[in-house]
$ cat input-v6.csv   # CSV, C-alpha atoms and all ligand atoms
chain,number,residue,atom,x,y,z
A,1,MET,CA,6.4,-15.4,-3.3
A,2,LYS,CA,6.8,-11.8,-4.4
A,3,LEU,CA,3.9,-11.2,-6.7
A,4,VAL,CA,4.3,-8.4,-9.2
A,5,THR,CA,2.3,-6.6,-11.8
A,6,PHE,CA,4.6,-5.5,-14.6
A,7,THR,CA,4.7,-4.0,-18.1
A,8,HIS,CA,7.0,-5.4,-20.7
A,9,GLU,CA,7.0,-4.3,-24.4
A,10,GLY,CA,3.6,-2.7,-24.0
A,11,SER,CA,1.9,-5.6,-22.3
A,12,THR,CA,0.9,-5.6,-18.6
A,13,ARG,CA,0.7,-8.9,-16.8
A,14,ILE,CA,1.7,-10.6,-13.5
A,15,GLY,CA,4.8,-12.5,-12.4
A,16,VAL,CA,6.9,-13.5,-9.5
A,17,ALA,CA,10.0,-11.6,-8.6
A,18,VAL,CA,13.0,-13.8,-7.8
A,19,GLY,CA,16.2,-12.0,-7.1
A,20,GLU,CA,17.0,-9.7,-9.9
A,21,GLU,CA,14.5,-11.4,-12.3
A,22,VAL,CA,10.8,-11.8,-12.7
A,23,VAL,CA,9.2,-15.1,-13.7
A,24,ASP,CA,6.7,-14.2,-16.4
A,25,LEU,CA,3.6,-16.2,-15.5
A,26,SER,CA,2.0,-15.5,-18.8
A,27,ALA,CA,4.8,-17.6,-20.4
A,28,ALA,CA,5.6,-19.9,-17.5
A,29,ALA,CA,2.0,-20.8,-16.6
A,30,PRO,CA,-0.1,-19.6,-19.5
A,31,GLU,CA,-3.3,-21.2,-18.0
A,32,LEU,CA,-3.2,-18.6,-15.2
A,33,PRO,CA,-5.0,-15.3,-15.3
A,34,ARG,CA,-2.8,-12.4,-16.3
A,35,GLU,CA,-4.2,-9.9,-13.8
A,36,MET,CA,-3.7,-10.0,-10.1
A,37,ILE,CA,-7.3,-9.8,-8.9
A,38,ALA,CA,-8.4,-12.6,-11.3
A,39,PHE,CA,-5.3,-14.5,-10.1
A,40,PHE,CA,-6.5,-14.3,-6.5
A,41,GLU,CA,-10.0,-15.2,-7.5
A,42,ALA,CA,-8.7,-18.4,-9.0
A,43,GLY,CA,-7.8,-19.5,-5.5
A,44,ASP,CA,-5.1,-21.6,-3.9
A,45,SER,CA,-4.6,-23.8,-7.0
A,46,ALA,CA,-3.5,-20.7,-8.9
A,47,LEU,CA,-1.0,-19.9,-6.2
A,48,GLU,CA,0.3,-23.5,-6.3
A,49,ALA,CA,0.6,-23.3,-10.1
A,50,ALA,CA,2.6,-20.1,-9.8
A,51,ARG,CA,4.9,-21.7,-7.2
A,52,ALA,CA,5.5,-24.7,-9.4
A,53,ALA,CA,6.3,-22.4,-12.4
A,54,VAL,CA,8.9,-20.6,-10.2
A,55,GLU,CA,10.4,-23.9,-9.0
A,56,GLY,CA,10.4,-25.2,-12.6
A,57,GLY,CA,12.6,-22.4,-13.7
A,58,GLY,CA,10.0,-20.6,-15.7
A,59,ASP,CA,10.5,-17.9,-18.4
A,60,ARG,CA,12.3,-15.1,-16.8
A,61,LEU,CA,12.9,-11.4,-17.6
A,62,ALA,CA,15.4,-9.1,-15.9
A,63,LEU,CA,13.6,-7.0,-13.3
A,64,SER,CA,15.5,-4.0,-14.8
A,65,ALA,CA,13.9,-4.7,-18.2
A,66,VAL,CA,10.3,-4.4,-16.9
A,67,ARG,CA,8.3,-1.5,-15.4
A,68,LEU,CA,6.7,-2.4,-12.1
A,69,GLU,CA,3.1,-1.3,-11.7
A,70,ALA,CA,1.0,-1.1,-8.6
A,71,PRO,CA,0.6,-4.8,-7.7
A,72,ILE,CA,-3.1,-4.2,-7.8
A,73,LEU,CA,-3.8,-1.8,-10.6
A,74,ARG,CA,-7.2,-0.8,-9.5
A,75,PRO,CA,-8.0,-2.2,-6.0
A,76,PRO,CA,-11.8,-2.7,-5.5
A,77,LYS,CA,-11.4,-0.8,-2.2
A,78,ILE,CA,-8.6,1.0,-0.4
A,79,LEU,CA,-9.6,1.0,3.2
A,80,ALA,CA,-7.1,3.1,5.2
A,81,VAL,CA,-6.7,3.5,9.0
A,82,GLY,CA,-5.9,6.7,10.8
A,83,LEU,CA,-4.3,7.1,14.2
A,84,ASN,CA,-3.1,3.5,14.6
A,85,TYR,CA,0.3,4.1,16.2
A,86,ALA,CA,0.6,5.7,19.7
A,87,ASP,CA,3.6,7.9,18.7
A,88,HIS,CA,1.7,9.3,15.7
A,89,ILE,CA,-1.3,10.0,17.8
A,90,ALA,CA,1.0,11.9,20.2
A,91,GLU,CA,2.4,14.1,17.4
A,92,THR,CA,-1.1,14.9,16.2
A,93,GLY,CA,-2.3,15.8,19.7
A,94,LEU,CA,-5.5,13.8,19.2
A,95,ASP,CA,-7.0,11.2,21.5
A,96,THR,CA,-6.4,7.4,21.1
A,97,PRO,CA,-9.5,6.2,19.2
A,98,GLN,CA,-11.7,3.5,20.8
A,99,HIS,CA,-12.5,2.1,17.3
A,100,PRO,CA,-10.4,1.9,14.1
A,101,VAL,CA,-10.6,5.2,12.2
A,102,ILE,CA,-11.4,4.0,8.8
A,103,PHE,CA,-11.4,6.2,5.7
A,104,ASN,CA,-11.3,5.5,2.0
A,105,LYS,CA,-8.6,6.3,-0.5
A,106,GLN,CA,-10.2,6.2,-4.0
A,107,SER,CA,-9.0,3.2,-6.0
A,108,THR,CA,-7.9,5.6,-8.8
A,109,ALA,CA,-5.2,6.8,-6.4
A,110,ALA,CA,-3.2,3.5,-6.8
A,111,HIS,CA,0.2,4.2,-8.1
A,112,PRO,CA,3.4,2.3,-8.8
A,113,THR,CA,6.9,2.6,-7.2
A,114,GLY,CA,9.4,4.5,-9.2
A,115,VAL,CA,7.0,7.0,-10.8
A,116,PRO,CA,6.7,10.5,-9.3
A,117,PHE,CA,3.4,11.4,-7.4
A,118,HIS,CA,1.8,14.8,-7.7
A,119,LEU,CA,2.2,18.0,-5.8
A,120,PRO,CA,-1.3,19.1,-6.5
A,121,ARG,CA,-2.2,22.4,-8.0
A,122,ALA,CA,-4.8,22.7,-5.2
A,123,SER,CA,-2.4,22.6,-2.2
A,124,THR,CA,1.2,22.9,-0.9
A,125,LYS,CA,0.5,20.9,2.2
A,126,LEU,CA,1.7,17.6,0.8
A,127,ASP,CA,2.8,14.9,3.2
A,128,TYR,CA,3.9,11.2,3.3
A,129,GLU,CA,2.9,8.3,5.5
A,130,GLY,CA,4.9,5.0,5.4
A,131,GLU,CA,2.5,2.1,6.0
A,132,LEU,CA,2.2,-1.7,6.0
A,133,GLY,CA,-0.5,-2.7,3.5
A,134,ILE,CA,-2.7,-5.8,3.8
A,135,VAL,CA,-3.9,-7.3,0.5
A,136,ILE,CA,-7.0,-9.4,0.7
A,137,GLY,CA,-7.0,-12.6,-1.3
A,138,LYS,CA,-10.4,-14.1,-0.7
A,139,ARG,CA,-14.0,-12.8,-0.8
A,140,CYS,CA,-15.0,-12.8,2.9
A,141,ARG,CA,-17.4,-11.5,5.5
A,142,HIS,CA,-17.6,-11.8,9.3
A,143,VAL,CA,-14.0,-13.1,9.6
A,144,PRO,CA,-13.0,-13.6,13.2
A,145,LYS,CA,-9.5,-12.3,13.8
A,146,GLU,CA,-8.2,-15.8,14.6
A,147,ARG,CA,-9.0,-16.7,11.0
A,148,ALA,CA,-7.9,-13.4,9.3
A,149,ARG,CA,-4.7,-15.0,8.1
A,150,GLU,CA,-6.8,-17.2,5.8
A,151,VAL,CA,-8.1,-14.3,3.8
A,152,ILE,CA,-4.9,-12.2,3.6
A,153,ALA,CA,-3.1,-12.8,0.3
A,154,GLY,CA,0.0,-10.9,1.4
A,155,TYR,CA,1.5,-7.7,2.4
A,156,THR,CA,2.9,-4.7,0.6
A,157,VAL,CA,4.5,-1.3,1.2
A,158,ILE,CA,2.3,1.8,0.9
A,159,ASN,CA,2.8,5.5,1.0
A,160,ASP,CA,-0.5,7.0,2.2
A,161,VAL,CA,0.2,10.4,0.6
A,162,SER,CA,-1.9,13.1,2.3
A,163,VAL,CA,-2.9,16.6,1.4
A,164,ARG,CA,-3.2,18.0,4.9
A,165,ASP,CA,-5.3,21.1,4.4
A,166,TRP,CA,-7.9,19.2,2.3
A,167,GLN,CA,-7.8,16.3,4.9
A,168,ALA,CA,-8.5,18.6,7.9
A,169,ARG,CA,-11.0,21.2,6.6
A,170,VAL,CA,-14.0,18.9,6.7
A,171,PRO,CA,-14.8,16.0,9.1
A,172,THR,CA,-14.1,13.2,6.5
A,173,MET,CA,-10.6,12.7,5.3
A,174,THR,CA,-11.6,11.3,1.9
A,175,MET,CA,-10.7,14.3,-0.3
A,176,GLY,CA,-7.3,14.9,1.3
A,177,LYS,CA,-6.4,11.2,1.0
A,178,SER,CA,-7.5,10.5,-2.5
A,179,PHE,CA,-5.7,12.8,-5.0
A,180,ASP,CA,-4.6,10.9,-8.1
A,181,THR,CA,-1.2,9.2,-7.7
A,182,HIS,CA,-1.5,9.4,-3.9
A,183,CYS,CA,-1.4,5.7,-3.1
A,184,PRO,CA,2.1,4.5,-4.2
A,185,MET,CA,2.3,0.8,-3.4
A,186,GLY,CA,4.6,-2.1,-4.1
A,187,PRO,CA,7.1,-3.1,-5.2
A,188,TRP,CA,5.2,-6.4,-4.9
A,189,ILE,CA,2.9,-8.4,-2.7
A,190,VAL,CA,4.8,-10.8,-0.4
A,191,THR,CA,2.5,-13.8,0.1
A,192,SER,CA,1.4,-14.3,3.7
A,193,ASP,CA,3.2,-17.7,4.0
A,194,GLU,CA,6.5,-15.8,3.9
A,195,ILE,CA,5.6,-13.3,6.6
A,196,GLU,CA,5.6,-15.4,9.8
A,197,ASP,CA,4.5,-12.4,11.9
A,198,PRO,CA,3.2,-9.3,10.2
A,199,HIS,CA,3.4,-7.6,13.6
A,200,ALA,CA,7.1,-7.6,14.0
A,201,LEU,CA,8.4,-5.7,11.0
A,202,GLU,CA,10.6,-2.7,11.0
A,203,LEU,CA,9.3,0.3,9.0
A,204,LYS,CA,11.4,3.2,7.8
A,205,THR,CA,10.7,6.3,5.7
A,206,TRP,CA,13.3,8.6,4.3
A,207,VAL,CA,12.9,11.9,2.6
A,208,ASN,CA,15.9,12.8,0.4
A,209,GLY,CA,17.9,10.2,2.4
A,210,GLU,CA,17.0,11.7,5.8
A,211,LEU,CA,15.4,9.1,8.1
A,212,ARG,CA,12.0,10.5,9.1
A,213,GLN,CA,10.0,7.5,10.3
A,214,HIS,CA,11.4,4.5,12.1
A,215,SER,CA,9.0,2.2,13.9
A,216,ASN,CA,7.8,-1.4,14.0
A,217,THR,CA,4.5,-2.9,13.2
A,218,LYS,CA,4.4,-4.4,16.7
A,219,HIS,CA,3.3,-0.9,17.8
A,220,LEU,CA,0.0,-1.1,15.7
A,221,ILE,CA,-3.0,-0.3,18.0
A,222,PHE,CA,-5.4,-2.3,15.9
A,223,ASP,CA,-3.3,-5.0,14.2
A,224,ALA,CA,-3.8,-6.5,10.7
A,225,PHE,CA,-6.1,-9.3,12.1
A,226,ASP,CA,-8.2,-6.9,14.2
A,227,LEU,CA,-8.7,-4.7,11.1
A,228,VAL,CA,-9.9,-7.6,8.9
A,229,GLU,CA,-12.4,-8.6,11.6
A,230,HIS,CA,-13.6,-5.1,12.0
A,231,LEU,CA,-14.0,-4.2,8.4
A,232,SER,CA,-15.6,-7.5,7.4
A,233,THR,CA,-18.2,-7.1,10.2
A,234,ALA,CA,-19.8,-4.4,8.0
A,235,PHE,CA,-19.1,-5.4,4.4
A,236,THR,CA,-17.6,-8.0,2.1
A,237,LEU,CA,-13.9,-7.8,1.6
A,238,GLU,CA,-12.9,-8.8,-1.9
A,239,PRO,CA,-9.7,-10.1,-3.6
A,240,GLY,CA,-7.5,-7.1,-4.3
A,241,ASP,CA,-8.8,-4.9,-1.5
A,242,VAL,CA,-6.0,-3.0,0.1
A,243,ILE,CA,-5.8,-2.0,3.7
A,244,PRO,CA,-3.1,0.6,4.6
A,245,THR,CA,-2.7,0.0,8.3
A,246,GLY,CA,-1.7,3.4,9.5
A,247,THR,CA,1.5,5.4,10.0
A,248,PRO,CA,3.9,5.9,12.9
A,249,SER,CA,5.3,9.2,13.9
A,250,GLY,CA,7.7,11.3,11.8
A,251,VAL,CA,5.3,12.6,9.1
A,252,GLY,CA,5.9,16.1,7.8
A,253,ILE,CA,3.0,17.6,9.8
A,254,GLY,CA,4.6,16.4,13.0
A,255,PHE,CA,7.6,18.6,12.8
A,256,LYS,CA,7.9,22.2,13.9
A,257,PRO,CA,8.2,23.9,11.5
A,258,ARG,CA,6.3,21.5,9.3
A,259,LYS,CA,8.2,19.7,6.6
A,260,TRP,CA,5.9,19.6,3.6
A,261,LEU,CA,7.0,17.8,0.5
A,262,VAL,CA,8.1,20.0,-2.4
A,263,GLU,CA,8.8,19.3,-6.0
A,264,GLY,CA,11.9,17.2,-6.4
A,265,ASP,CA,11.8,15.5,-3.0
A,266,VAL,CA,12.2,11.7,-3.0
A,267,VAL,CA,10.3,9.5,-0.5
A,268,ARG,CA,11.6,6.0,0.2
A,269,ILE,CA,9.7,3.6,2.4
A,270,ALA,CA,11.1,0.2,3.5
A,271,ILE,CA,9.4,-2.6,5.4
A,272,GLU,CA,11.4,-5.5,6.7
A,273,GLY,CA,10.7,-8.7,4.9
A,274,ILE,CA,8.7,-7.0,2.2
A,275,GLY,CA,10.8,-4.5,0.3
A,276,GLU,CA,10.9,-0.8,-0.5
A,277,ILE,CA,9.2,1.8,-2.7
A,278,GLU,CA,10.6,5.1,-3.8
A,279,ASN,CA,8.8,8.0,-5.5
A,280,ALA,CA,9.8,11.5,-6.3
A,281,VAL,CA,7.5,14.4,-6.1
A,282,VAL,CA,6.5,16.3,-9.3
A,283,ALA,CA,4.3,19.3,-9.9
A,284,GLU,CA,0.9,18.1,-11.1
A,285,PRO,CA,1.1,18.3,-14.9
A,286,ALA,CA,-1.2,20.4,-17.0
A,287,GLU,CA,-2.5,17.4,-18.8
A,288,THR,CA,-4.4,16.1,-15.7
A,289,THR,CA,-7.2,18.5,-16.7
A,290,ARG,CA,-9.6,16.4,-18.7
A,291,ILE,CA,-13.1,17.2,-19.6
A,292,GLY,CA,-14.9,14.7,-21.8
B,1,ZN,ZN,-2.2,6.8,6.7
$ encode --input "input-v6.csv" --output "structure tokens"
Amino acid sequence: MKLVTFTHEGSTRIGVAVGEEVVDLSAAAPELPREMIAFFEAGDSALEAARAAVEGGGDRLALSAVRLEAPILRPPKILAVGLNYADHIAETGLDTPQHPVIFNKQSTAAHPTGVPFHLPRASTKLDYEGELGIVIGKRCRHVPKERAREVIAGYTVINDVSVRDWQARVPTMTMGKSFDTHCPMGPWIVTSDEIEDPHALELKTWVNGELRQHSNTKHLIFDAFDLVEHLSTAFTLEPGDVIPTGTPSGVGIGFKPRKWLVEGDVVRIAIEGIGEIENAVVAEPAETTRIG
């Protein structure tokens, strides 16, 4: 299933995208939670009820009539991975890490497809990173990689938008990776039962129609299952946690001269078997300033 969070006539809820329509689970299966994290917390029986609602026809809306939101509106954690494709490591000139390079993107960075993300007031060194995203479906700890599949709800497409000067000027990447709007994700979560092998998916990123990144998740150094094992060794993974798995080569900082994003650029990222997200770049608006 393609699980979506959408807004229709002022109400935000979850559904299942089917072709050009979305099955509105709040109408087709009103007993289910209306929010994605609560839906995952309700377990396999909720997934089965959603599947039955889709098969039963369900109440449907045109996809064009709803606004897609980030599938997880506010992930409990966004645990991203740096330097996880050999070709990207080569373009950075850094060494291949012995352990996954984990950093946080703040959960407030979550952002939908179709809505522009910000060129910050604080920087012009704005960059894109097309990535496969893992979405955790079950509360878990100490998950061996052989069983990681059991805790993964599904997969999504992520743009790990990066502010390179802020990322590089101190040893931790957190500030440069966490600006508001800098984690576009979606358009939906494809449930893991529909992704036979998450490590055989073509990934492409275009900027203004120019193909910049073209790789395959088979080139991940630490794969999705390795990452679940590694992260859950230290802390509990929760339903709705999102793991952007790293980006291949072709990001703006890898070009000479560098190709920073500017206002009006459009970034589109597609992953085979999942879908695509597209976001324009807009200057950070004055109203982001908020004190009290
Ligand atoms: Zn990244």
$ residues_around --input "input-v6.csv" --residues "Ser215 (chain A)" --least-positions-apart "6" --cutoff "12 Å" --atoms "all atoms listed in the file" --output "PyMOL selection string"
chain A and resi 85-88+130-132+199-205+246-250+269-272
$ closest_atom_pairs --input "input-v6.csv" --of "chain A" --to "ligand ZN 1 (chain B)" --cutoff "8 Å" --atoms "all atoms listed in the file" --output "tab-separated table"
residue	atom	partner	partner_atom	distance
A:Ala80	CA	B:ZN1	ZN	6.3
A:Val81	CA	B:ZN1	ZN	6.0
A:Gly82	CA	B:ZN1	ZN	5.5
A:Leu83	CA	B:ZN1	ZN	7.8
A:Glu129	CA	B:ZN1	ZN	5.4
A:Gly130	CA	B:ZN1	ZN	7.4
A:Glu131	CA	B:ZN1	ZN	6.7
A:Asn159	CA	B:ZN1	ZN	7.7
A:Asp160	CA	B:ZN1	ZN	4.8
A:Val161	CA	B:ZN1	ZN	7.5
A:Ser162	CA	B:ZN1	ZN	7.7
A:Pro244	CA	B:ZN1	ZN	6.6
A:Thr245	CA	B:ZN1	ZN	7.0
A:Gly246	CA	B:ZN1	ZN	4.4
A:Thr247	CA	B:ZN1	ZN	5.2
$ residues_around --input "input-v6.csv" --residues "Arg121 (chain A)" --least-positions-apart "4" --cutoff "12 Å" --atoms "all atoms listed in the file" --output "PyMOL selection string"
chain A and resi 125-126+163+179-180+262-263+282-289
$ closest_residue --input "input-v6.csv" --among "A:Gly275, A:Pro30, A:Gly176, A:Gly264" --to "Trp188 (chain A)" --atoms "all atoms listed in the file"
A:Gly275
$ atom_distance --input "input-v6.csv" --atom1 "CA of Leu3 (chain A)" --atom2 "CA of Glu48 (chain A)"
12.8 Å
$ closest_residue --input "input-v6.csv" --among "A:Leu227, A:Met1, A:Cys140, A:Leu220" --to "Val190 (chain A)" --atoms "all atoms listed in the file"
A:Met1
$ atom_distance --input "input-v6.csv" --atom1 "CA of Arg67 (chain A)" --atom2 "CA of His8 (chain A)"
6.7 Å
$ closest_residue --input "input-v6.csv" --among "A:Met175, A:Ala29, A:Ile136, A:Leu79" --to "Ser123 (chain A)" --atoms "only C-alpha atoms"
A:Met175
$ closest_residue --input "input-v6.csv" --among "A:Phe103, A:Tyr155, A:Phe255, A:Phe235" --to "Met185 (chain A)" --atoms "all atoms listed in the file"
A:Tyr155
$ closest_residue --input "input-v6.csv" --among "A:Arg164, A:Glu150, A:Ile221, A:Ser26" --to "Gln98 (chain A)" --atoms "only C-alpha atoms"
A:Ile221
